[in-house]
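Below is upload_22.cif, which holds mmCIF, C-alpha atoms.
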data_start
#
loop_
_atom_site.label_atom_id
_atom_site.label_comp_id
_atom_site.auth_asym_id
_atom_site.auth_seq_id
_atom_site.Cartn_x
_atom_site.Cartn_y
_atom_site.Cartn_z
CA MET A 691 -15.84 15.06 48.21
CA THR A 692 -17.10 12.39 45.80
CA HIS A 693 -19.72 14.78 44.46
CA SER A 694 -17.02 17.39 43.75
CA ILE A 695 -14.95 14.84 41.82
CA ASP A 696 -18.00 13.78 39.82
CA GLN A 697 -18.74 17.38 38.94
CA ALA A 698 -15.13 17.99 37.92
CA ILE A 699 -15.14 14.96 35.61
CA TYR A 700 -18.51 16.04 34.17
CA HIS A 701 -17.21 19.53 33.41
CA VAL A 702 -14.06 18.13 31.80
CA ALA A 703 -16.12 15.80 29.60
CA SER A 704 -18.48 18.62 28.67
CA ALA A 705 -15.53 20.85 27.75
CA LEU A 706 -14.25 18.13 25.40
CA GLU A 707 -17.44 18.02 23.33
CA VAL A 708 -16.52 20.76 20.87
CA PRO A 709 -12.84 19.69 20.47
CA VAL A 710 -13.99 16.11 19.81
CA LEU A 711 -16.44 17.25 17.14
CA ILE A 712 -13.75 19.37 15.49
CA ALA A 713 -11.26 16.50 15.67
CA ALA A 714 -13.81 14.18 14.05
CA LEU A 715 -14.25 16.61 11.16
CA VAL A 716 -10.47 16.96 10.77
CA ALA A 717 -10.08 13.17 10.79
CA LEU A 718 -12.80 12.85 8.16
CA ALA A 719 -11.05 15.43 5.96
CA ALA A 720 -7.74 13.56 6.38
CA THR A 721 -9.44 10.30 5.44
CA LEU A 722 -10.91 11.81 2.28
CA PHE A 723 -7.48 13.21 1.39
CA GLU A 724 -5.88 9.78 1.87
CA LEU A 725 -8.64 8.22 -0.23
CA GLY A 726 -7.88 10.61 -3.09
CA ALA A 727 -4.14 9.99 -2.82
CA PHE A 728 -4.82 6.26 -2.77
CA GLY A 729 -6.82 6.54 -6.00
CA VAL A 730 -3.92 8.34 -7.68
CA GLU A 731 -1.51 5.61 -6.52
CA LEU A 732 -3.71 2.92 -8.04
CA LEU A 733 -3.97 4.88 -11.29
CA HIS A 734 -0.18 5.13 -11.61
CA ARG A 735 0.20 1.38 -11.09
CA ARG A 736 -2.38 0.45 -13.70
CA GLY A 737 0.17 -0.57 -16.37
CA ARG A 738 2.39 -2.56 -14.06
CA ASP A 739 3.74 -5.77 -15.63
CA PHE A 740 6.58 -8.09 -14.64
CA ARG A 741 7.63 -8.83 -18.24
CA ARG A 742 8.10 -5.11 -18.89
CA LEU A 743 9.98 -4.78 -15.61
CA SER A 744 12.27 -7.68 -16.52
CA GLU A 745 12.99 -6.39 -20.03
CA HIS A 746 13.81 -2.88 -18.81
CA ALA A 747 15.97 -4.24 -16.00
CA ASN A 748 18.03 -6.28 -18.49
CA GLU A 749 18.31 -3.26 -20.78
CA ALA A 750 19.55 -1.23 -17.83
CA ARG A 751 22.13 -3.93 -17.06
CA ALA A 752 23.29 -3.88 -20.68
CA ALA A 753 23.69 -0.10 -20.50
CA LEU A 754 25.64 -0.50 -17.25
CA ASP A 755 27.95 -3.08 -18.83
CA ALA A 756 28.46 -0.74 -21.79
CA GLY A 757 29.33 2.14 -19.45
CA ASP A 758 26.42 4.29 -20.68
CA ARG A 759 25.29 5.98 -17.44
CA ASP A 760 22.84 8.32 -19.16
CA GLN A 761 21.04 5.42 -20.82
CA LEU A 762 21.07 3.53 -17.53
CA THR A 763 19.40 6.44 -15.75
CA THR A 764 16.82 6.87 -18.52
CA ILE A 765 15.84 3.21 -18.48
CA THR A 766 15.62 2.87 -14.70
CA THR A 767 13.54 6.04 -14.27
CA SER A 768 11.12 4.79 -16.94
CA LEU A 769 10.20 2.04 -14.48
CA ALA A 770 9.14 4.55 -11.79
CA TRP A 771 5.42 4.72 -10.99
CA THR A 772 5.64 7.08 -8.00
CA ALA A 773 7.99 9.83 -6.84
CA ALA A 774 9.35 7.58 -4.07
CA THR A 775 10.19 4.72 -6.46
CA ARG A 776 11.73 7.18 -8.92
CA GLU A 777 14.05 8.54 -6.23
CA THR A 778 15.06 5.05 -5.14
CA LEU A 779 15.65 3.87 -8.72
CA LEU A 780 17.86 6.89 -9.39
CA ALA A 781 19.90 6.08 -6.29
CA ILE A 782 20.23 2.43 -7.38
CA ALA A 783 21.34 3.50 -10.87
CA ASP A 784 23.95 5.85 -9.39
CA ASP A 785 25.34 3.19 -7.05
CA ALA A 786 25.33 0.27 -9.51
CA GLY A 787 28.79 -0.68 -10.73
CA GLU A 788 30.53 1.37 -8.04
CA PRO A 789 32.66 -0.03 -5.18
CA LEU A 790 30.58 -1.14 -2.19
CA ALA A 791 27.42 -0.73 -4.26
CA GLU A 792 25.48 -3.52 -2.59
CA PRO A 793 25.51 -2.07 0.97
CA ARG A 794 24.45 1.35 -0.32
CA ILE A 795 21.67 -0.14 -2.44
CA ALA A 796 20.50 -2.18 0.54
CA LYS A 797 20.35 1.04 2.57
CA GLU A 798 18.32 2.77 -0.17
CA LEU A 799 15.85 -0.12 -0.21
CA ALA A 800 15.56 -0.01 3.57
CA ASP A 801 14.90 3.73 3.48
CA PHE A 802 12.21 3.17 0.86
CA ASP A 803 10.58 0.59 3.12
CA PHE A 804 10.70 2.98 6.09
CA ALA A 805 9.08 5.73 4.01
CA SER A 806 6.33 3.31 2.95
CA GLN A 807 5.71 2.40 6.57
CA ARG A 808 5.39 6.09 7.45
CA ARG A 809 2.74 6.53 4.77
CA LEU A 810 0.94 3.46 6.05
CA ALA A 811 1.08 4.80 9.61
CA ARG A 812 -1.23 7.71 8.69
CA THR A 813 -4.15 5.51 7.71
CA ARG A 814 -3.40 2.99 10.46
CA LEU A 815 -3.69 5.85 12.94
CA LEU A 816 -7.04 6.86 11.44
CA VAL A 817 -8.26 3.27 11.85
CA ARG A 818 -7.93 3.70 15.62
CA VAL A 819 -8.64 7.42 15.98
CA GLY A 820 -11.86 7.46 13.94
CA PRO A 821 -13.88 5.00 16.06
CA ALA A 822 -12.38 6.46 19.26
CA LEU A 823 -13.59 9.94 18.33
CA GLY A 824 -16.95 8.49 17.35
CA LEU A 825 -17.31 6.80 20.72
CA MET A 826 -16.30 9.93 22.62
CA GLY A 827 -18.66 12.04 20.52
CA THR A 828 -21.43 9.60 21.36
CA LEU A 829 -20.92 9.39 25.11
CA ILE A 830 -20.30 13.07 25.83
CA PRO A 831 -23.73 14.33 24.66
CA LEU A 832 -25.53 11.50 26.45
CA SER A 833 -25.15 13.16 29.85
CA PRO A 834 -27.00 16.37 28.92
CA ALA A 835 -29.47 14.28 26.92
CA LEU A 836 -30.36 12.20 29.96
CA GLU A 837 -30.54 15.35 32.03
CA GLY A 838 -32.95 16.83 29.53
CA LEU A 839 -35.02 13.65 29.64
CA ALA A 840 -35.21 13.88 33.42
CA LYS A 841 -36.43 17.46 33.14
CA GLY A 842 -38.91 16.58 30.39
CA ASN A 843 -37.03 18.68 27.81
CA ILE A 844 -37.59 16.60 24.69
CA THR A 845 -36.05 19.22 22.40
CA GLU A 846 -32.72 19.11 24.23
CA LEU A 847 -32.87 15.31 24.34
CA SER A 848 -33.42 14.95 20.59
CA SER A 849 -30.73 17.53 19.78
CA ASP A 850 -28.09 15.80 21.92
CA LEU A 851 -28.98 12.35 20.61
CA ARG A 852 -28.79 13.59 17.03
CA VAL A 853 -25.24 14.85 17.63
CA ALA A 854 -24.24 11.65 19.42
CA PHE A 855 -25.44 9.29 16.68
CA SER A 856 -24.06 11.48 13.89
CA VAL A 857 -20.57 11.45 15.37
CA THR A 858 -20.80 7.68 15.77
CA VAL A 859 -21.51 7.24 12.07
CA VAL A 860 -18.67 9.59 11.11
CA GLY A 861 -16.20 7.75 13.35
CA LEU A 862 -17.14 4.34 11.97
CA LEU A 863 -16.90 5.67 8.41
CA ILE A 864 -13.40 7.00 9.08
CA GLY A 865 -12.27 3.68 10.52
CA ALA A 866 -13.75 1.59 7.70
CA ILE A 867 -12.25 3.67 4.88
CA ALA A 868 -8.86 3.93 6.57
CA PHE A 869 -8.80 0.18 7.24
CA GLY A 870 -9.48 -0.66 3.60
CA ILE A 871 -6.81 1.77 2.38
CA SER A 872 -4.28 0.34 4.84
CA LEU A 873 -4.88 -3.23 3.71
CA ILE A 874 -4.43 -2.49 0.00
CA ARG A 875 -1.52 -0.11 0.54
CA ASP A 876 0.31 -2.72 2.58
CA ARG A 877 0.09 -5.09 -0.38
CA ILE A 878 1.08 -2.64 -3.11
CA TYR A 879 3.95 -1.17 -1.08
CA GLY A 880 5.25 -4.68 -0.53
CA GLN A 881 5.09 -5.26 -4.29
CA ASP A 882 6.92 -1.96 -4.89
CA LEU A 883 9.74 -3.09 -2.63
CA SER A 884 9.86 -6.47 -4.37
CA ASP A 885 10.16 -4.81 -7.79
CA LEU A 886 12.94 -2.52 -6.58
CA GLU A 887 14.81 -5.47 -5.08
CA TYR A 888 14.54 -7.29 -8.43
CA VAL A 889 15.98 -4.32 -10.35
CA ALA A 890 18.77 -3.98 -7.80
CA ALA A 891 19.55 -7.70 -8.04
CA VAL A 892 19.79 -7.52 -11.84
CA LEU A 893 22.11 -4.50 -11.75
CA THR A 894 24.41 -6.05 -9.14
CA ALA A 895 24.39 -9.63 -10.45
CA ASP A 896 27.53 -11.14 -12.00
CA GLU A 897 25.67 -11.68 -15.28
CA ALA A 898 22.63 -10.01 -16.80
CA LEU A 899 19.53 -12.11 -16.33
CA PRO A 900 17.79 -13.36 -19.52
CA PRO A 901 14.20 -12.26 -20.11
CA PRO A 902 11.51 -14.74 -19.07
CA ALA A 903 10.88 -17.44 -21.66
CA LYS A 904 7.64 -17.16 -23.61
CA PRO A 905 5.18 -19.92 -22.71
CA GLU A 906 4.65 -22.60 -25.31
CA PRO A 907 1.15 -22.51 -26.92
CA ALA A 908 -1.09 -25.19 -25.47
CA GLY A 909 -2.02 -26.75 -28.82
CA ARG A 910 1.51 -27.01 -30.19
CA THR A 911 3.39 -30.30 -29.76
CA SER A 912 7.05 -31.01 -30.25
CA SER A 913 8.12 -32.45 -33.62
CA SER A 914 9.97 -35.23 -31.83
CA GLU A 915 6.76 -36.68 -30.39
CA PRO A 916 5.42 -38.21 -33.66
CA ASN A 917 8.85 -39.68 -34.50
CA GLY A 918 9.04 -41.22 -31.01
CA ALA A 919 5.58 -42.73 -31.42
CA LYS A 920 6.52 -44.20 -34.82
CA ALA A 921 9.70 -45.74 -33.38
CA ALA A 922 7.75 -47.32 -30.53
CA ALA A 923 5.23 -48.77 -32.99
CA ALA A 924 8.02 -50.20 -35.15
CA GLU A 925 9.63 -51.88 -32.14
CA ARG A 926 6.30 -53.46 -31.14
CA SER A 927 5.68 -54.78 -34.68
CA GLY A 928 9.20 -56.24 -34.83
CA ALA A 929 8.72 -57.99 -31.52
CA THR A 930 5.50 -59.67 -32.67
CA ARG A 931 7.23 -61.04 -35.75
#
Do you think you could lay out the structure here as structure tokens?
Amino acid sequence: MTHSIDQAIYHVASALEVPVLIAALVALAATLFELGAFGVELLHRRGRDFRRLSEHANEARAALDAGDRDQLTTITTSLAWTAATRETLLAIADDAGEPLAEPRIAKELADFDFASQRRLARTRLLVRVGPALGLMGTLIPLSPALEGLAKGNITELSSDLRVAFSVTVVGLLIGAIAFGISLIRDRIYGQDLSDLEYVAAVLTADEALPPPAKPEPAGRTSSSEPNGAKAAAAERSGATR
């Protein structure tokens, strides 16, 4: 009875060898696709700057206050760096200034966050699936390899071990690339949501926000400082007299 169960499990594991190898190749192709898409995302965000975002957001608010919807749409879409952000910005521009705008904008932002999480889920899945396929692809050929070793068939042993170690490397490569993509995407998607929330806050605020103040040059001093120093010196000289 036990021997029959062992044989059944062995045959099931042997039957999974080819599907596991195919799945590993499919996972590798998906990882390379995600890597290319990730490179495009980084390229689109290359010119990202908060000062530009703030200036365009205030211009959009001015257009909203003036009742110029076309200008509002043009300005908000110029801030888009991906198709998802463009769609969300268009929805925010359409809802701004309308009754019950804030709940609808909040729903648009939540939907954007859910879509970002779905994109992240693909690479997070590959982080787990890649090493799992690599481990399965390693263990399955070991049984026939050990059987070949017992029979003195070195050719079969070397062939099975070559497959086992190759699948291990592929699985670890999939997991490492997918893990790196997931980490960076989590950060940039969070920044995307933060930028959209800022634009939405400007368009729904009671007053348009002023642009950030320019920092004062380090070497420049206020004109009141020398006058204050002279006054302090005069007071000290008067006290000594």
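Each of A:Gly865, A:Gly787, A:Pro793, A:Gly842 was compared to Thr721 in chain A using only C-alpha atoms, and A:Gly865 turns out to be the nearest.
Between CA of Glu724 in chain A and CA of Ala854 in chain A lies a distance of 25.5 Å.
When all atoms listed in the file are used to compute distances to Leu718 in chain A, the closest of the residues A:Ala747, A:Leu893, A:Leu779, A:Val860 turns out to be A:Val860.
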Legend entry - Nearest to Ile878 in chain A by atom-to-atom distance, counting all atoms listed in the file, from A:Leu847, A:Gln807, A:Ala866, A:Arg741: A:Gln807
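For the atom pair formed by CA of Leu799 in chain A and CA of Leu886 in chain A, the distance is 7.4 Å, given to one decimal.
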Take the PyMOL selection byres ((chain A and resi 781) around 10), run it mentally on this structure, and tell me the resulting residues as a compact mmCIF listing (two decimals) with C-alpha atoms, keeping the file's coordinate frame.
# COMPACT_ATOMS: atom_id res chain seq x y z
CA THR A 763 19.40 6.44 -15.75
CA THR A 766 15.62 2.87 -14.70
CA THR A 775 10.19 4.72 -6.46
CA ARG A 776 11.73 7.18 -8.92
CA GLU A 777 14.05 8.54 -6.23
CA THR A 778 15.06 5.05 -5.14
CA LEU A 779 15.65 3.87 -8.72
CA LEU A 780 17.86 6.89 -9.39
CA ILE A 782 20.23 2.43 -7.38
CA ALA A 783 21.34 3.50 -10.87
CA ASP A 784 23.95 5.85 -9.39
CA ASP A 785 25.34 3.19 -7.05
CA ALA A 786 25.33 0.27 -9.51
CA ARG A 794 24.45 1.35 -0.32
CA ILE A 795 21.67 -0.14 -2.44
CA GLU A 798 18.32 2.77 -0.17
CA LEU A 799 15.85 -0.12 -0.21
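Distance annotation: of A:Gly880, A:Gly870, A:Gly827, A:Gly757, the residue with the minimal separation from Leu706 in chain A is A:Gly827; atom set is all atoms listed in the file.
Residues of protein, DNA or RNA having at least one counted atom within 12 Å of (-8.5, 5.6, -3.9), given only C-alpha atoms, are Thr721, Leu722, Phe723, Glu724, Leu725, Gly726, Ala727, Phe728, Gly729, Val730, Glu731, Leu732, Leu733, His734, Ile867, Ala868, Gly870, Ile871, Ser872, Ile874 and Arg875 of chain A.
Selection check: the PyMOL selection byres ((chain A and resi 751) around 8) on the shown file gives Ala747, Asn748, Glu749, Ala750, Ala752, Ala753, Leu754, Asp755, Leu762, Val892, Leu893 and Ala898 of chain A.
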Inset, instruction - Please indicate the distance in Å from CA of Pro709 in chain A to CA of Leu851 in chain A, rounded to one decimal place. - result: 17.7 Å
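For the set A:Glu707, A:Asp801, A:Asp885, A:Glu788, the residue with the smallest atom-to-atom gap to Arg759 in chain A is A:Glu788, counting only C-alpha atoms.
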Legend entry - Polymer residues at most 10 Å from Val819 in chain A, all atoms listed in the file, same-chain spacing of 5 or more positions, as a list in words: Ala713, Ala714, Ala717, Thr813, Arg814, Gly824, Leu825, Gly861, Leu862, Ile864 and Gly865 of chain A
Can you take the partial range 789-800 of chain A, add N, CA and C atoms, and return it as a PDB file, in the coordinates of the input?
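See selection-v5.pdb below for the written result:
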ATOM      1  N   PRO A 789      32.192   0.766  -6.335  1.00  0.00           N
ATOM      2  CA  PRO A 789      32.660  -0.030  -5.180  1.00  0.00           C
ATOM      3  C   PRO A 789      31.682   0.062  -4.009  1.00  0.00           C
ATOM      4  N   LEU A 790      31.500  -1.043  -3.326  1.00  0.00           N
ATOM      5  CA  LEU A 790      30.580  -1.140  -2.190  1.00  0.00           C
ATOM      6  C   LEU A 790      29.167  -0.718  -2.580  1.00  0.00           C
ATOM      7  N   ALA A 791      28.754  -1.112  -3.778  1.00  0.00           N
ATOM      8  CA  ALA A 791      27.420  -0.730  -4.260  1.00  0.00           C
ATOM      9  C   ALA A 791      26.326  -1.467  -3.501  1.00  0.00           C
ATOM     10  N   GLU A 792      26.554  -2.725  -3.194  1.00  0.00           N
ATOM     11  CA  GLU A 792      25.480  -3.520  -2.590  1.00  0.00           C
ATOM     12  C   GLU A 792      25.055  -2.999  -1.217  1.00  0.00           C
ATOM     13  N   PRO A 793      25.974  -2.638  -0.316  1.00  0.00           N
ATOM     14  CA  PRO A 793      25.510  -2.070   0.970  1.00  0.00           C
ATOM     15  C   PRO A 793      24.730  -0.774   0.799  1.00  0.00           C
ATOM     16  N   ARG A 794      25.171   0.091  -0.120  1.00  0.00           N
ATOM     17  CA  ARG A 794      24.450   1.350  -0.320  1.00  0.00           C
ATOM     18  C   ARG A 794      23.069   1.113  -0.913  1.00  0.00           C
ATOM     19  N   ILE A 795      22.973   0.174  -1.853  1.00  0.00           N
ATOM     20  CA  ILE A 795      21.670  -0.140  -2.440  1.00  0.00           C
ATOM     21  C   ILE A 795      20.747  -0.751  -1.388  1.00  0.00           C
ATOM     22  N   ALA A 796      21.310  -1.603  -0.542  1.00  0.00           N
ATOM     23  CA  ALA A 796      20.500  -2.180   0.540  1.00  0.00           C
ATOM     24  C   ALA A 796      19.977  -1.090   1.468  1.00  0.00           C
ATOM     25  N   LYS A 797      20.798  -0.077   1.736  1.00  0.00           N
ATOM     26  CA  LYS A 797      20.350   1.040   2.570  1.00  0.00           C
ATOM     27  C   LYS A 797      19.256   1.842   1.875  1.00  0.00           C
ATOM     28  N   GLU A 798      19.363   2.055   0.578  1.00  0.00           N
ATOM     29  CA  GLU A 798      18.320   2.770  -0.170  1.00  0.00           C
ATOM     30  C   GLU A 798      17.000   2.000  -0.128  1.00  0.00           C
ATOM     31  N   LEU A 799      17.064   0.693  -0.261  1.00  0.00           N
ATOM     32  CA  LEU A 799      15.850  -0.120  -0.210  1.00  0.00           C
ATOM     33  C   LEU A 799      15.228  -0.078   1.185  1.00  0.00           C
ATOM     34  N   ALA A 800      16.072  -0.099   2.207  1.00  0.00           N
ATOM     35  CA  ALA A 800      15.560  -0.010   3.570  1.00  0.00           C
ATOM     36  C   ALA A 800      14.904   1.334   3.826  1.00  0.00           C
TER      37      ALA A 800
END
